[in-house]
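What follows is a single structure, written as structure tokens, with notes after it.
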Amino acid sequence: MRTRLWTAALLLGACLAAPAGAAPDDAPKTAPPSITERVLRETLADLASRSRAERLAALRDLGGLISIDPRVGATALPRLKSTLRLRGPEERARVLELLVRVPDRAAHALWLARLDPAIETHHEPLLAAARATRQVSSDRDVLRLLLAALRNKRATPARRALLLEALSHMQSPAAALLLTRPRADEHWVEASARALALGRRPLPASIAPLLALLEHEQLAPRIHAWESLVRLTHRSFAAEAKPWKAWWAEQDRSRLPAKPSPPKAGERYAAPKPVHIPHYYDLPIPRPGSNVVFCIDASQSMYGDGIDQARRELGKTLMDLPSAHAFEIIVF
């Protein structure tokens with residue numbers, strides 16, 4: 001069992017606590033450098049271990065050290081860069097979660113650069129980088145970086161979508177403005193990201209832009225807007241604008257609706273049927289949060305209309321899936 005981090009934390013707490021009755025000048029202000037330096041040195045050494053388990057444990061330890069003193073992250077930055085360059089997606093995801101917590105411009109720049117599917121191609125680190133802002137929701141430096149990146153006219157729609165995902169956790173009027181008002185030439189991928197991001201902001205101001213997204217010309221933004229409306233309002237209508245708008249017109253718009261009371265015992269305990277059921281061809285995918293594997297025949301017999309139809313149906317189904325579903329595609 002790795003206990004060195006928690007030993008160091010206890011020592012740090014003991015050093016910072018002044019003895020009863022001691023004069024202020026007699027109370028040590030920081031932990032002895034030798035202790036913290038030794039723990040950090042051991043942690044960084046384990047980040048270069050040949051054992052993946054040891055490297056992951058070292059990343060957990062480093063996260064604890066950063067919680068005690070965020071500045072140690074700057075010392076670990078070269079090793080974290082190496083991990084991003086050489087290691088697998090799980091370790092890269094852990095590193096990106098740490099970088100955003102380090103009060104250092106180089107660390108933040110490294111995190112922001114990886115928030116791009118053109119650079120980071122695996123979904124796990126991308127999601128970790130986007131969701132890491134939950135830990136620094138009031139950090140102005142992180143907010144400025146996100147806003148500057150969104151102003152970049154050369155950013156791809158996928159890059160913008162991830163930036164909006166990260167922005168959804170930031171507590172700022174600027175973040176609210178960008179999430180509630182679409183760009184003039186907004187791509188549907190960005191619209192989908194905005195829909196999901198608004199669902200993470202439980203505010204009455206999130207409802208109107210979600211209702212507008214229910215009328216988007218593309219299917220994916222409509223489904224994600226519906227998903228967010230269900231999450232915020234605890235109501236479930238069809239993924240269409242008309243019933244939602246009629247219902248919202250009768251509500252007190254100064255607050256979100258309260259969660260309904262739990263049902264009484266009896267048949268009402270039965271799980272309600274989902275309102276929206278995606279399909280692949282005529283096959284329903286009724287279970288919420290399903291893990292779906294699509295197997296696509298790409299043999300010579302499929303060339304021509306067969307493969308074109310398979311692509312169309314697959315694309316339609318993927319746009320119809322709520323974000324709670326997970327999928328994999330196998331081509332054979």
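Each chain in the structure tokens gets a letter, A, B and so on, in the order shown; residues start at 1 in every chain, and ligands are counted from 1 in the order they appear.
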
Got a sec: who's within 10 Å of region 188-198 of chain A, counting only C-alpha atoms, leaving out chain neighbours fewer than 5 positions off, as a PyMOL selection string?
chain A and resi 156-169+176+178-183+203+205-207+209-214+216-229+232+319+322-323

Glu313 (chain A) environment, 10 Å, only C-alpha atoms, sequence neighbours closer than 5 positions dropped, as a PDB file with C-alpha atoms, in the first residue's frame:
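Okay, result.pdb is ready:
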ATOM      1  CA  HIS A 279     -33.346   2.899 -33.889  1.00  0.00           C
ATOM      2  CA  TYR A 280     -30.798   1.259 -36.154  1.00  0.00           C
ATOM      3  CA  TYR A 281     -32.734   0.384 -39.292  1.00  0.00           C
ATOM      4  CA  ILE A 307     -22.389   0.290 -48.164  1.00  0.00           C
ATOM      5  CA  ASP A 308     -23.902   3.720 -48.894  1.00  0.00           C
ATOM      6  CA  LEU A 318     -25.437   7.951 -34.093  1.00  0.00           C
TER       7      LEU A 318
END

In region 4-234 of chain A, what's alpha helix (DSSP H) per DSSP? Answer as an MDAnalysis selection string?
chainID A and resid 4:16 33:47 52:68 72:75 77:86 89:99 105:114 123:131 140:151 157:167 173:180 188:198 207:213 219:233

Mind checking DSSP for region 175-326 of chain A and telling me the strand (DSSP E) residues as a PyMOL selection string?
chain A and resi 279-280+283-284+291-296+326

With N, CA, C and O atoms retained, write the just-selected residues as a PDB file, in the first residue's frame.
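Now in selection.pdb:
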ATOM      1  N   HIS A 279     -33.266   4.132 -33.118  1.00  0.00           N
ATOM      2  CA  HIS A 279     -33.346   2.899 -33.889  1.00  0.00           C
ATOM      3  C   HIS A 279     -32.139   2.779 -34.814  1.00  0.00           C
ATOM      4  O   HIS A 279     -31.591   3.791 -35.274  1.00  0.00           O
ATOM      5  N   TYR A 280     -31.766   1.547 -35.093  1.00  0.00           N
ATOM      6  CA  TYR A 280     -30.798   1.259 -36.154  1.00  0.00           C
ATOM      7  C   TYR A 280     -31.525   0.405 -37.168  1.00  0.00           C
ATOM      8  O   TYR A 280     -31.928  -0.726 -36.854  1.00  0.00           O
ATOM      9  N   LEU A 283     -34.410  -1.714 -35.810  1.00  0.00           N
ATOM     10  CA  LEU A 283     -34.113  -2.318 -34.507  1.00  0.00           C
ATOM     11  C   LEU A 283     -34.086  -1.226 -33.435  1.00  0.00           C
ATOM     12  O   LEU A 283     -33.269  -0.303 -33.501  1.00  0.00           O
ATOM     13  N   PRO A 284     -34.975  -1.295 -32.437  1.00  0.00           N
ATOM     14  CA  PRO A 284     -34.968  -0.269 -31.377  1.00  0.00           C
ATOM     15  C   PRO A 284     -33.802  -0.466 -30.416  1.00  0.00           C
ATOM     16  O   PRO A 284     -33.320  -1.582 -30.212  1.00  0.00           O
ATOM     17  N   ASN A 291     -24.821   0.192 -24.023  1.00  0.00           N
ATOM     18  CA  ASN A 291     -23.533   0.067 -24.696  1.00  0.00           C
ATOM     19  C   ASN A 291     -23.783  -0.700 -25.989  1.00  0.00           C
ATOM     20  O   ASN A 291     -24.115  -1.891 -25.952  1.00  0.00           O
ATOM     21  N   VAL A 292     -23.639  -0.034 -27.120  1.00  0.00           N
ATOM     22  CA  VAL A 292     -24.036  -0.596 -28.402  1.00  0.00           C
ATOM     23  C   VAL A 292     -22.803  -0.806 -29.274  1.00  0.00           C
ATOM     24  O   VAL A 292     -21.935   0.073 -29.359  1.00  0.00           O
ATOM     25  N   VAL A 293     -22.726  -1.976 -29.907  1.00  0.00           N
ATOM     26  CA  VAL A 293     -21.663  -2.266 -30.860  1.00  0.00           C
ATOM     27  C   VAL A 293     -22.294  -2.436 -32.234  1.00  0.00           C
ATOM     28  O   VAL A 293     -23.169  -3.286 -32.423  1.00  0.00           O
ATOM     29  N   PHE A 294     -21.870  -1.604 -33.183  1.00  0.00           N
ATOM     30  CA  PHE A 294     -22.347  -1.695 -34.562  1.00  0.00           C
ATOM     31  C   PHE A 294     -21.320  -2.473 -35.376  1.00  0.00           C
ATOM     32  O   PHE A 294     -20.144  -2.086 -35.432  1.00  0.00           O
ATOM     33  N   CYS A 295     -21.751  -3.557 -36.013  1.00  0.00           N
ATOM     34  CA  CYS A 295     -20.875  -4.379 -36.844  1.00  0.00           C
ATOM     35  C   CYS A 295     -21.234  -4.117 -38.308  1.00  0.00           C
ATOM     36  O   CYS A 295     -22.362  -4.420 -38.731  1.00  0.00           O
ATOM     37  N   ILE A 296     -20.312  -3.553 -39.043  1.00  0.00           N
ATOM     38  CA  ILE A 296     -20.562  -3.129 -40.421  1.00  0.00           C
ATOM     39  C   ILE A 296     -19.801  -4.036 -41.386  1.00  0.00           C
ATOM     40  O   ILE A 296     -18.568  -4.159 -41.302  1.00  0.00           O
ATOM     41  N   ALA A 326     -23.259   4.588 -25.034  1.00  0.00           N
ATOM     42  CA  ALA A 326     -21.885   4.421 -25.506  1.00  0.00           C
ATOM     43  C   ALA A 326     -21.916   3.470 -26.693  1.00  0.00           C
ATOM     44  O   ALA A 326     -22.737   2.554 -26.742  1.00  0.00           O
TER      45      ALA A 326
END

Would you mind reading off the distance between CA of Ser138 (chain A) and CA of Val102 (chain A), one decimal, in Å?
13.8 Å

Point out the residue among A:Val142, A:Ala45, A:Leu99, A:Leu147 with the least atom-to-atom distance to Leu177 (chain A), counting only C-alpha atoms.
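Ranking A:Val142, A:Ala45, A:Leu99, A:Leu147 by distance to Leu177 (chain A), first place goes to A:Leu147.
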
Choose the residue, out of A:Glu37, A:Asp141, A:Glu90, A:Asp297, that has the smallest atom-to-atom separation from Leu65 (chain A); count only C-alpha atoms.
A:Glu37

Please identify all polymer residues within 8 Å of Ala58 (chain A), counting only C-alpha atoms, omitting same-chain residues fewer than 2 positions from it, and present them as number ranges by chain.
A: 43-44, 46-47, 54-56, 60-62

Keeping only C-alpha atoms, write those residues as a short mmCIF file (atom, residue, chain, number, x, y, z; two decimals), in the first residue's frame.
data_model
loop_
_atom_site.label_atom_id
_atom_site.label_comp_id
_atom_site.auth_asym_id
_atom_site.auth_seq_id
_atom_site.Cartn_x
_atom_site.Cartn_y
_atom_site.Cartn_z
CA THR A 43 6.51 10.42 -6.88
CA LEU A 44 8.24 11.77 -9.99
CA ASP A 46 7.55 6.44 -10.05
CA LEU A 47 6.06 8.33 -13.00
CA GLU A 54 2.94 2.27 -10.30
CA ARG A 55 2.65 5.14 -12.75
CA LEU A 56 -1.10 5.44 -12.14
CA ARG A 60 -2.90 9.78 -7.84
CA ASP A 61 -0.21 10.75 -5.33
CA LEU A 62 0.74 13.77 -7.37
#
